[in-house]
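Next up, model_21.csv (CSV, C-alpha atoms and all ligand atoms):
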```csv
chain,number,residue,atom,x,y,z
A,1,MET,CA,-80.5,-171.9,118.9
A,2,GLN,CA,-78.2,-172.2,121.9
A,3,ASP,CA,-76.3,-169.1,122.7
A,4,HIS,CA,-72.9,-170.8,122.9
A,5,ARG,CA,-73.0,-171.2,119.2
A,6,VAL,CA,-73.5,-167.7,117.8
A,7,ASN,CA,-73.8,-164.8,120.2
A,8,SER,CA,-76.0,-161.7,119.8
A,9,ARG,CA,-73.3,-159.8,117.9
A,10,ARG,CA,-73.7,-162.0,114.9
A,11,GLU,CA,-74.3,-160.2,111.6
A,12,ARG,CA,-77.5,-161.6,110.2
A,13,HIS,CA,-76.7,-161.0,106.5
A,14,LEU,CA,-73.8,-163.4,106.8
A,15,VAL,CA,-76.1,-166.3,107.9
A,16,LEU,CA,-77.5,-168.1,105.0
A,17,GLU,CA,-79.3,-170.8,106.9
A,18,GLU,CA,-79.2,-172.5,110.2
A,19,ALA,CA,-77.6,-175.9,109.6
A,20,ALA,CA,-77.7,-179.0,111.7
A,21,HIS,CA,-75.4,-178.5,114.8
A,22,ARG,CA,-73.1,-181.6,114.8
A,23,GLU,CA,-70.8,-183.2,117.4
A,24,ARG,CA,-68.8,-185.6,115.3
A,25,PHE,CA,-68.4,-185.4,111.5
A,26,SER,CA,-65.9,-185.1,108.7
A,27,VAL,CA,-65.2,-182.4,106.0
A,28,VAL,CA,-63.4,-182.8,102.8
A,29,ALA,CA,-61.9,-179.8,101.0
A,30,PRO,CA,-60.3,-180.2,97.6
A,31,GLY,CA,-57.1,-178.6,96.2
A,32,ARG,CA,-57.3,-176.7,92.9
A,33,VAL,CA,-55.5,-176.4,89.6
A,34,ASN,CA,-55.8,-173.4,87.5
A,35,LEU,CA,-56.3,-174.2,83.8
A,36,ILE,CA,-55.6,-170.6,82.6
A,37,GLY,CA,-55.9,-167.0,83.8
A,38,GLU,CA,-52.7,-166.7,85.9
A,39,HIS,CA,-51.7,-163.8,88.1
A,40,THR,CA,-54.9,-162.1,86.9
A,41,ASP,CA,-57.1,-162.4,90.0
A,42,TYR,CA,-55.5,-159.5,91.9
A,43,ASN,CA,-55.7,-157.5,88.7
A,44,ASP,CA,-59.5,-157.8,88.7
A,45,GLY,CA,-59.3,-160.2,85.7
A,46,LEU,CA,-60.6,-163.7,84.7
A,47,VAL,CA,-59.4,-167.0,86.0
A,48,LEU,CA,-60.4,-170.6,85.1
A,49,PRO,CA,-59.6,-172.9,88.0
A,50,MET,CA,-61.1,-176.3,88.9
A,51,ALA,CA,-61.2,-178.1,92.2
A,52,ILE,CA,-59.3,-181.4,92.0
A,53,GLU,CA,-59.7,-184.9,93.6
A,54,PRO,CA,-56.7,-184.7,96.0
A,55,HIS,CA,-58.0,-183.1,99.1
A,56,ILE,CA,-57.6,-182.3,102.8
A,57,ARG,CA,-59.9,-184.2,105.3
A,58,LEU,CA,-60.9,-182.8,108.7
A,59,ASP,CA,-62.3,-185.3,111.2
A,60,VAL,CA,-64.0,-183.3,113.9
A,61,ALA,CA,-65.2,-184.2,117.4
A,62,ALA,CA,-66.8,-181.7,119.8
A,63,ARG,CA,-65.1,-181.3,123.2
A,64,ALA,CA,-66.8,-180.2,126.4
A,65,ASP,CA,-64.3,-177.4,127.1
A,66,ARG,CA,-63.2,-174.2,125.2
A,67,TRP,CA,-60.0,-175.7,123.6
A,68,MET,CA,-59.6,-176.3,119.9
A,69,VAL,CA,-57.0,-179.1,119.4
A,70,LEU,CA,-55.6,-179.3,115.9
A,71,SER,CA,-53.6,-182.4,115.0
A,72,THR,CA,-51.9,-183.6,111.9
A,73,ASP,CA,-49.5,-186.3,111.0
A,74,ARG,CA,-48.0,-184.1,108.3
A,75,ALA,CA,-46.0,-181.5,110.2
A,76,ARG,CA,-43.1,-181.2,112.6
A,77,THR,CA,-45.5,-179.8,115.2
A,78,PRO,CA,-48.2,-182.4,115.2
A,79,GLU,CA,-50.6,-180.9,117.7
A,80,VAL,CA,-51.6,-177.3,118.4
A,81,TRP,CA,-53.9,-176.2,121.2
A,82,ILE,CA,-56.0,-173.0,120.7
A,83,ASP,CA,-57.6,-171.3,123.7
A,84,LEU,CA,-61.0,-170.2,122.3
A,85,GLU,CA,-61.5,-167.9,125.3
A,86,ARG,CA,-58.8,-165.6,124.1
A,87,SER,CA,-58.4,-163.5,121.0
A,88,LEU,CA,-56.1,-165.0,118.4
A,89,MET,CA,-53.2,-162.9,117.1
A,90,ALA,CA,-51.5,-163.3,113.8
A,91,ALA,CA,-48.2,-163.6,115.5
A,92,ASP,CA,-49.4,-166.6,117.6
A,93,HIS,CA,-48.7,-169.2,114.9
A,94,ALA,CA,-46.7,-167.3,112.3
A,95,GLY,CA,-44.9,-169.6,110.0
A,96,SER,CA,-46.7,-172.7,111.1
A,97,TRP,CA,-49.4,-174.7,109.3
A,98,ALA,CA,-51.7,-173.7,112.2
A,99,ALA,CA,-51.7,-170.1,111.0
A,100,TYR,CA,-54.3,-171.0,108.4
A,101,PRO,CA,-57.0,-172.6,110.6
A,102,CYS,CA,-56.2,-169.9,113.3
A,103,GLY,CA,-56.8,-167.2,110.8
A,104,VAL,CA,-60.2,-168.7,110.0
A,105,VAL,CA,-61.1,-169.1,113.7
A,106,ALA,CA,-60.1,-165.4,114.3
A,107,GLY,CA,-62.3,-164.3,111.3
A,108,LEU,CA,-65.3,-166.2,112.6
A,109,THR,CA,-64.8,-165.0,116.1
A,110,ARG,CA,-64.7,-161.5,114.8
A,111,LEU,CA,-68.2,-162.1,113.3
A,112,GLY,CA,-69.4,-162.9,116.8
A,113,TRP,CA,-69.4,-166.7,116.5
A,114,GLU,CA,-68.7,-168.4,119.7
A,115,ILE,CA,-66.9,-171.6,118.7
A,116,PRO,CA,-67.3,-174.6,120.9
A,117,GLY,CA,-64.3,-176.7,121.9
A,118,CYS,CA,-63.3,-179.4,119.4
A,119,HIS,CA,-60.7,-181.8,118.2
A,120,VAL,CA,-59.9,-181.5,114.5
A,121,ARG,CA,-57.7,-184.2,113.0
A,122,ILE,CA,-56.3,-183.2,109.7
A,123,SER,CA,-55.1,-185.6,107.0
A,124,ALA,CA,-54.5,-185.2,103.3
A,125,THR,CA,-54.1,-186.7,99.9
A,126,LEU,CA,-53.2,-183.2,98.7
A,127,PRO,CA,-49.5,-182.4,98.8
A,128,ALA,CA,-48.5,-179.3,100.7
A,129,GLY,CA,-46.3,-176.6,99.1
A,130,ALA,CA,-46.9,-178.0,95.6
A,131,GLY,CA,-48.9,-175.0,94.4
A,132,LEU,CA,-52.2,-176.9,94.5
A,133,SER,CA,-53.8,-174.6,97.2
A,134,SER,CA,-53.4,-176.9,100.2
A,135,SER,CA,-53.6,-173.6,102.3
A,136,ALA,CA,-57.0,-172.6,100.8
A,137,ALA,CA,-58.2,-176.2,101.2
A,138,LEU,CA,-57.3,-176.0,104.9
A,139,GLU,CA,-58.9,-172.6,105.4
A,140,VAL,CA,-62.2,-173.4,103.6
A,141,GLY,CA,-62.2,-176.9,105.2
A,142,MET,CA,-61.8,-175.3,108.6
A,143,ALA,CA,-64.6,-172.7,108.0
A,144,THR,CA,-66.9,-175.5,106.8
A,145,ALA,CA,-66.1,-177.6,109.9
A,146,VAL,CA,-66.8,-174.6,112.2
A,147,GLU,CA,-70.1,-174.0,110.4
A,148,SER,CA,-71.3,-177.5,111.3
A,149,LEU,CA,-70.0,-177.2,114.9
A,150,CYS,CA,-71.9,-173.9,115.3
A,151,GLY,CA,-75.0,-175.0,113.3
A,152,VAL,CA,-74.9,-171.9,111.0
A,153,ARG,CA,-73.7,-171.3,107.5
A,154,LEU,CA,-72.1,-168.3,105.9
A,155,GLU,CA,-73.0,-167.2,102.4
A,156,PRO,CA,-70.4,-169.2,100.3
A,157,GLU,CA,-68.9,-166.0,98.9
A,158,GLU,CA,-68.5,-164.5,102.4
A,159,LYS,CA,-66.8,-167.8,103.5
A,160,ALA,CA,-64.3,-167.7,100.6
A,161,LEU,CA,-63.5,-164.0,101.4
A,162,LEU,CA,-63.1,-164.7,105.1
A,163,CYS,CA,-60.6,-167.4,104.2
A,164,GLN,CA,-58.7,-165.1,101.8
A,165,ARG,CA,-58.4,-162.6,104.7
A,166,ALA,CA,-57.1,-165.3,107.0
A,167,GLU,CA,-54.4,-166.0,104.5
A,168,HIS,CA,-53.5,-162.3,104.2
A,169,GLU,CA,-53.5,-161.6,108.0
A,170,PHE,CA,-52.2,-164.9,109.5
A,171,ALA,CA,-50.0,-166.3,106.7
A,172,GLY,CA,-48.8,-163.0,105.4
A,173,VAL,CA,-49.6,-163.9,101.8
A,174,PRO,CA,-51.4,-161.1,99.8
A,175,CYS,CA,-53.2,-163.6,97.6
A,176,GLY,CA,-56.1,-162.9,95.3
A,177,ILE,CA,-59.5,-164.7,95.5
A,178,MET,CA,-59.0,-167.5,93.1
A,179,ASP,CA,-57.9,-170.3,95.4
A,180,GLN,CA,-60.5,-169.9,98.1
A,181,PHE,CA,-63.3,-169.5,95.5
A,182,ALA,CA,-62.2,-172.6,93.6
A,183,VAL,CA,-62.2,-174.7,96.8
A,184,THR,CA,-65.6,-173.3,97.8
A,185,PHE,CA,-67.4,-173.3,94.5
A,186,GLY,CA,-65.8,-176.4,92.8
A,187,THR,CA,-68.3,-178.4,90.8
A,188,ALA,CA,-67.8,-182.0,89.6
A,189,GLY,CA,-67.0,-182.1,85.9
A,190,HIS,CA,-66.6,-178.3,85.5
A,191,ALA,CA,-64.0,-175.6,85.6
A,192,ILE,CA,-65.1,-172.2,87.1
A,193,LEU,CA,-64.8,-169.1,85.0
A,194,LEU,CA,-64.6,-166.4,87.7
A,195,ASP,CA,-64.6,-162.7,87.0
A,196,CYS,CA,-62.5,-161.4,89.9
A,197,ARG,CA,-63.9,-157.9,89.6
A,198,THR,CA,-67.6,-158.7,89.8
A,199,ARG,CA,-67.2,-162.1,91.4
A,200,SER,CA,-69.6,-163.5,88.9
A,201,MET,CA,-69.1,-167.1,87.9
A,202,ARG,CA,-69.8,-169.5,85.1
A,203,HIS,CA,-69.3,-173.2,85.3
A,204,VAL,CA,-67.7,-174.5,82.1
A,205,PRO,CA,-68.1,-178.2,81.5
A,206,LEU,CA,-65.0,-180.3,80.8
A,207,ALA,CA,-65.6,-183.1,78.3
A,208,ALA,CA,-64.0,-185.9,80.4
A,209,GLU,CA,-64.6,-188.5,77.7
A,210,ALA,CA,-62.4,-186.5,75.3
A,211,VAL,CA,-59.9,-184.6,77.3
A,212,ALA,CA,-58.2,-185.3,80.6
A,213,VAL,CA,-56.4,-183.0,83.0
A,214,LEU,CA,-52.9,-184.1,84.0
A,215,VAL,CA,-51.0,-182.4,86.9
A,216,ILE,CA,-47.2,-182.8,86.9
A,217,GLN,CA,-45.2,-181.8,90.0
A,218,SER,CA,-41.9,-180.1,89.3
A,219,GLY,CA,-40.6,-181.2,92.7
A,220,VAL,CA,-39.5,-177.6,93.3
A,221,LYS,CA,-41.1,-176.4,96.6
A,222,HIS,CA,-43.3,-173.5,95.9
A,223,SER,CA,-43.6,-170.6,98.4
A,224,LEU,CA,-45.5,-167.4,98.0
A,225,ALA,CA,-44.4,-166.0,101.3
A,226,ASP,CA,-40.9,-165.1,100.1
A,227,GLY,CA,-41.8,-161.7,98.7
A,228,GLU,CA,-41.8,-162.4,94.9
A,229,TYR,CA,-45.5,-162.7,94.8
A,230,ALA,CA,-46.1,-159.5,96.6
A,231,LYS,CA,-43.6,-157.8,94.4
A,232,ARG,CA,-45.5,-158.9,91.2
A,233,ARG,CA,-48.7,-157.4,92.8
A,234,ALA,CA,-46.9,-154.1,93.4
A,235,GLU,CA,-45.4,-154.0,89.9
A,236,CYS,CA,-48.9,-154.4,88.4
A,237,GLN,CA,-50.3,-151.6,90.6
A,238,SER,CA,-47.4,-149.4,89.5
A,239,ALA,CA,-48.2,-150.2,85.9
A,240,ALA,CA,-51.9,-149.5,86.3
A,241,ARG,CA,-51.0,-146.2,88.0
A,242,LEU,CA,-48.6,-145.2,85.2
A,243,LEU,CA,-51.2,-146.2,82.6
A,244,GLY,CA,-53.9,-144.1,84.4
A,245,VAL,CA,-56.3,-147.0,85.0
A,246,ALA,CA,-57.8,-148.4,88.2
A,247,SER,CA,-56.6,-151.9,87.4
A,248,LEU,CA,-54.9,-153.7,84.4
A,249,ARG,CA,-58.3,-155.3,83.7
A,250,ASP,CA,-59.4,-152.0,82.3
A,251,LEU,CA,-57.2,-152.3,79.2
A,252,ASP,CA,-57.6,-154.4,76.1
A,253,ALA,CA,-54.7,-155.2,73.8
A,254,SER,CA,-55.1,-152.3,71.4
A,255,GLN,CA,-55.4,-149.7,74.2
A,256,TRP,CA,-52.3,-151.3,75.9
A,257,HIS,CA,-50.3,-151.0,72.6
A,258,ARG,CA,-51.1,-147.4,72.4
A,259,LEU,CA,-50.2,-146.6,75.9
A,260,ALA,CA,-47.5,-149.0,77.0
A,261,GLN,CA,-44.6,-147.6,75.0
A,262,SER,CA,-43.8,-145.0,77.7
A,263,LEU,CA,-43.7,-147.6,80.5
A,264,PRO,CA,-40.5,-148.8,82.2
A,265,ASP,CA,-39.5,-152.3,81.1
A,266,VAL,CA,-40.7,-154.2,84.1
A,267,GLU,CA,-44.1,-152.5,84.2
A,268,ARG,CA,-44.4,-152.9,80.4
A,269,ARG,CA,-43.8,-156.7,80.5
A,270,ARG,CA,-45.9,-157.3,83.6
A,271,SER,CA,-48.9,-155.4,82.2
A,272,ARG,CA,-48.5,-157.1,78.8
A,273,HIS,CA,-48.8,-160.5,80.5
A,274,VAL,CA,-52.0,-159.5,82.3
A,275,VAL,CA,-53.6,-158.0,79.2
A,276,THR,CA,-52.7,-160.9,76.9
A,277,GLU,CA,-53.7,-163.5,79.5
A,278,HIS,CA,-57.2,-162.0,79.7
A,279,ALA,CA,-57.6,-162.5,75.9
A,280,ARG,CA,-56.1,-166.1,76.2
A,281,THR,CA,-58.5,-167.0,78.9
A,282,LEU,CA,-61.5,-166.0,76.8
A,283,ALA,CA,-60.1,-167.8,73.8
A,284,PHE,CA,-59.4,-170.9,75.9
A,285,VAL,CA,-63.1,-171.1,77.1
A,286,ALA,CA,-64.3,-170.6,73.5
A,287,ALA,CA,-62.0,-173.4,72.4
A,288,LEU,CA,-63.3,-175.7,75.1
A,289,GLU,CA,-66.9,-174.9,74.2
A,290,SER,CA,-66.3,-175.7,70.6
A,291,ARG,CA,-64.2,-178.8,71.5
A,292,ASP,CA,-61.2,-177.4,69.7
A,293,TRP,CA,-58.6,-179.0,72.0
A,294,ARG,CA,-55.6,-177.9,69.9
A,295,ALA,CA,-56.7,-174.3,70.0
A,296,ALA,CA,-57.2,-174.6,73.8
A,297,GLY,CA,-53.7,-176.2,74.1
A,298,GLU,CA,-52.1,-173.3,72.1
A,299,CYS,CA,-53.6,-170.8,74.7
A,300,MET,CA,-51.9,-172.8,77.4
A,301,TYR,CA,-48.6,-172.7,75.7
A,302,GLY,CA,-49.0,-169.0,75.1
A,303,SER,CA,-49.8,-168.5,78.8
A,304,HIS,CA,-46.7,-170.3,79.8
A,305,ALA,CA,-44.4,-168.3,77.5
A,306,SER,CA,-45.9,-165.1,78.9
A,307,LEU,CA,-45.5,-166.2,82.5
A,308,ARG,CA,-41.9,-167.3,81.8
A,309,HIS,CA,-40.7,-164.2,79.8
A,310,ASP,CA,-43.0,-161.3,80.7
A,311,TYR,CA,-44.1,-162.2,84.3
A,312,GLU,CA,-40.9,-164.1,85.3
A,313,VAL,CA,-42.6,-166.5,87.7
A,314,SER,CA,-41.6,-169.9,86.1
A,315,CYS,CA,-38.4,-171.9,86.8
A,316,ALA,CA,-36.1,-174.2,84.8
A,317,GLU,CA,-38.0,-177.4,85.9
A,318,LEU,CA,-41.4,-176.1,84.9
A,319,ASP,CA,-40.0,-174.8,81.5
A,320,GLU,CA,-38.5,-178.3,80.9
A,321,ILE,CA,-41.9,-180.0,81.6
A,322,VAL,CA,-43.7,-177.6,79.2
A,323,GLU,CA,-40.9,-178.0,76.5
A,324,LEU,CA,-40.9,-181.8,76.6
A,325,SER,CA,-44.7,-182.0,76.5
A,326,ARG,CA,-44.6,-180.6,73.0
A,327,GLU,CA,-42.9,-183.8,71.8
A,328,ILE,CA,-45.6,-186.1,73.3
A,329,ASP,CA,-48.4,-187.1,71.0
A,330,GLY,CA,-51.8,-186.6,72.5
A,331,VAL,CA,-50.8,-183.6,74.7
A,332,PHE,CA,-52.8,-180.6,73.5
A,333,GLY,CA,-51.2,-178.0,75.8
A,334,CYS,CA,-49.2,-177.5,79.0
A,335,ARG,CA,-48.3,-174.6,81.3
A,336,MET,CA,-47.2,-173.8,84.8
A,337,THR,CA,-50.1,-173.4,87.1
A,338,GLY,CA,-50.7,-171.3,90.3
A,339,GLY,CA,-48.3,-168.8,91.7
A,340,GLY,CA,-45.2,-170.3,90.2
A,341,PHE,CA,-41.5,-170.3,91.4
A,342,GLY,CA,-41.9,-174.1,91.4
A,343,GLY,CA,-45.0,-176.1,92.1
A,344,CYS,CA,-46.9,-177.8,89.2
A,345,ALA,CA,-47.6,-177.8,85.5
A,346,VAL,CA,-51.0,-178.7,84.1
A,347,ALA,CA,-51.6,-180.4,80.8
A,348,LEU,CA,-54.7,-181.0,78.7
A,349,VAL,CA,-54.3,-184.4,77.1
A,350,ASP,CA,-56.3,-186.8,75.0
A,351,ALA,CA,-58.4,-188.9,77.4
A,352,GLY,CA,-58.0,-192.0,75.2
A,353,GLN,CA,-54.2,-192.1,75.5
A,354,THR,CA,-53.4,-191.2,79.1
A,355,GLY,CA,-51.4,-194.4,79.9
A,356,ARG,CA,-48.9,-193.8,77.2
A,357,ILE,CA,-48.8,-190.1,77.8
A,358,LEU,CA,-47.9,-190.6,81.5
A,359,ASP,CA,-45.2,-193.1,80.6
A,360,GLU,CA,-43.7,-190.7,78.0
A,361,PHE,CA,-43.7,-187.8,80.4
A,362,ARG,CA,-42.1,-189.9,83.1
A,363,GLY,CA,-39.4,-191.3,80.8
A,364,ARG,CA,-38.5,-188.0,79.2
A,365,TYR,CA,-38.4,-186.0,82.4
A,366,ARG,CA,-36.2,-188.6,84.1
A,367,ARG,CA,-33.8,-188.7,81.1
A,368,THR,CA,-33.3,-184.9,81.1
A,369,THR,CA,-33.4,-184.1,84.8
A,370,GLY,CA,-32.7,-187.4,86.6
A,371,ILE,CA,-35.9,-186.8,88.6
A,372,ASP,CA,-38.9,-189.1,88.8
A,373,PRO,CA,-41.8,-186.7,88.5
A,374,THR,CA,-45.0,-187.1,90.6
A,375,MET,CA,-48.0,-186.9,88.3
A,376,PHE,CA,-51.7,-187.5,88.5
A,377,LEU,CA,-54.8,-187.3,86.4
A,378,THR,CA,-57.7,-185.6,88.0
A,379,ARG,CA,-61.3,-184.9,87.2
A,380,ALA,CA,-62.9,-181.6,88.3
A,381,ALA,CA,-64.2,-182.2,91.9
A,382,PRO,CA,-66.9,-180.7,94.1
A,383,GLY,CA,-66.0,-177.9,96.5
A,384,ALA,CA,-65.5,-178.3,100.3
A,385,SER,CA,-68.4,-180.2,102.0
A,386,LEU,CA,-69.4,-182.3,104.9
A,387,VAL,CA,-69.0,-186.0,104.1
A,388,SER,CA,-70.3,-187.7,107.2
B,1,LIG,C1,-51.6,-168.0,94.0
B,1,LIG,C2,-52.6,-167.1,94.7
B,1,LIG,C3,-53.8,-166.8,93.8
B,1,LIG,C4,-53.4,-166.3,92.4
B,1,LIG,C5,-52.3,-167.3,91.9
B,1,LIG,C6,-51.7,-166.8,90.6
B,1,LIG,O1,-52.2,-169.3,93.9
B,1,LIG,O2,-53.1,-167.6,95.9
B,1,LIG,O3,-54.6,-165.8,94.4
B,1,LIG,O4,-52.9,-165.0,92.4
B,1,LIG,O5,-51.2,-167.5,92.8
B,1,LIG,O6,-52.7,-166.9,89.5
```

Can the structure in the file be given as structure tokens, please?
Ligand code: GLA
Amino acid sequence: MQDHRVNSRRERHLVLEEAAHRERFSVVAPGRVNLIGEHTDYNDGLVLPMAIEPHIRLDVAARADRWMVLSTDRARTPEVWIDLERSLMAADHAGSWAAYPCGVVAGLTRLGWEIPGCHVRISATLPAGAGLSSSAALEVGMATAVESLCGVRLEPEEKALLCQRAEHEFAGVPCGIMDQFAVTFGTAGHAILLDCRTRSMRHVPLAAEAVAVLVIQSGVKHSLADGEYAKRRAECQSAARLLGVASLRDLDASQWHRLAQSLPDVERRRSRHVVTEHARTLAFVAALESRDWRAAGECMYGSHASLRHDYEVSCAELDEIVELSREIDGVFGCRMTGGGFGGCAVALVDAGQTGRILDEFRGRYRRTTGIDPTMFLTRAAPGASLVS
């Protein structure tokens, strides 16, 4: 191996295999939608996301110098130059889309990787700021691209964790592990039941001939950086402390009932969401496995109500989408998905009636809000990978 790729400080346990070193190639990294298990990842709980077909694409060409040139047609600053000879600081690109790839480059450099110069052209079919993890897609896509440039691969779990850290340090969002794991471990036709405490995973098949996944954008820009997300995290920590447990994952419903009466109102409601969401996630997976779509749908409606009233991360537009979905024949369940405060709803619908269901959603949402919703059906997609 040539030494410009990985220098002697590399940590061997992080290297899964030496991969082909490439000069010109493309990477595709999917977005994700979470079917259930919301705001549970940072409470050590269970989540059930799937990678989706809309994605980010990175077209990469090696350069002879030590500059990384990032370009995109999606942002006000269409081109960013990174000097790979100097250490990257979180403040360098704060608030810009370049913070995500820079955070990844900084993380890999910290491992001792010497990244060669390159031009990375970024394009996307995945909307940004819609709560579909475009940031995780960009991070994991970037890490996957650098792996090929350097000719080495990280353990996939290490890669996902490195990307999560990039988001914490460079984008200032104290996210859990769900998004980066979904983008890394996505598998066609399957959702991922991830235990965020042990990081063990089970791929749960989705019967695409019977049920379809519909994503409905509320049109409200979702932003996790504005402090509400971090506030929810802190409220959960406070509840766990008052309840005397390491994390809210440690309580089941009957223990919670016994202990929660003494909690202040906010901690009581936040912790009730986390405890009941855990039970709903398990019930949802059992319902999927026994092909009881109605029972699965009821778990989704229960999740939404809990996120709306106990966790207070929904908004009027998402509530409206979920309410009107109840009137549409062939919709089994619907809920807000992701961090909330805008973004998307996800619905589980009868695969044989999707055309009519889409038309009804569109008509009803337009009549009540005056807005034409953007919607798409998606299958569960594979995780980030090299495509050419
Ligand atoms: C965002 C975060 C995730 C997770 C969800 C809520 O998407 O990035 O880690 O906490 O919100 O479930």

* Given 6 Å and all atoms listed in the file, residues near ligand LIG 1 (chain B) as JSON, numbers by chain -> {"A": [38, 39, 40, 41, 175, 176, 177, 178, 179, 338, 339]}

* To do: Find the residue from A:Ala234, A:Ala316, A:Cys150, A:Val28 that sits nearest to Ser385 of chain A; use only C-alpha atoms when measuring.
  => A:Val28

* **Residues within 8 Å of (-67.8, -182.6, 114.7), file coords, all atoms listed in the file, listed as an NGL selection string** => :A and (22-26 or 59-62 or 118-120 or 145 or 148-149)

* Asked: Pick from A:Thr378, A:Thr198, A:Thr337, A:Ser271: nearest to Tyr301 of chain A, with all atoms listed in the file counted?
  -> A:Thr337

* **Surrounding residues of Leu282 of chain A excluding itself and chain neighbours under 5 positions, 12 Å, all atoms listed in the file, as JSON, numbers by chain** => {"A": [35, 36, 37, 45, 46, 47, 48, 193, 194, 195, 204, 275, 276, 277, 287, 288, 289, 295, 296, 299, 300]}

* So how far away is atom CA of Glu298 of chain A from atom CA of Arg379 of chain A, in Å? ->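 Computing it gives 21.1 Å between the two atoms.
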
* May I ask which of the residues A:Trp97, A:Tyr311, A:Phe332, A:Tyr229 is the closest one to Pro78 of chain A, counting all atoms listed in the file? =>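 Nearest to Pro78 of chain A: A:Trp97.
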
* Between atom CA of Gly103 of chain A and atom CA of His168 of chain A, what is the spacing in Å? ->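 Value for the atom CA of His168 of chain A-atom CA of Gly103 of chain A distance: 8.9 Å.
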
* Looking at all atoms listed in the file, which of A:Ser133, A:Leu88, A:Arg294, A:Arg249 is the one that sits closest to Arg110 of chain A? -> A:Leu88

* Distance query Leu206 of chain A at most 10 Å, all atoms listed in the file, self and fewer than 6 positions along chain excluded, as a list in words ->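 Final neighbour list, sorted by chain and number: Met50, Ala188, Gly189, His190, Ala191, Ala212, Val213, Leu288, Glu289, Arg291, Arg379 and Ala380 of chain A.
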
* What does the distance between atom CA of Ala128 of chain A and atom CA of Gln237 of chain A come to in Å, to one decimal place? ->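 Value for the atom CA of Ala128 of chain A-atom CA of Gln237 of chain A distance: 29.5 Å.
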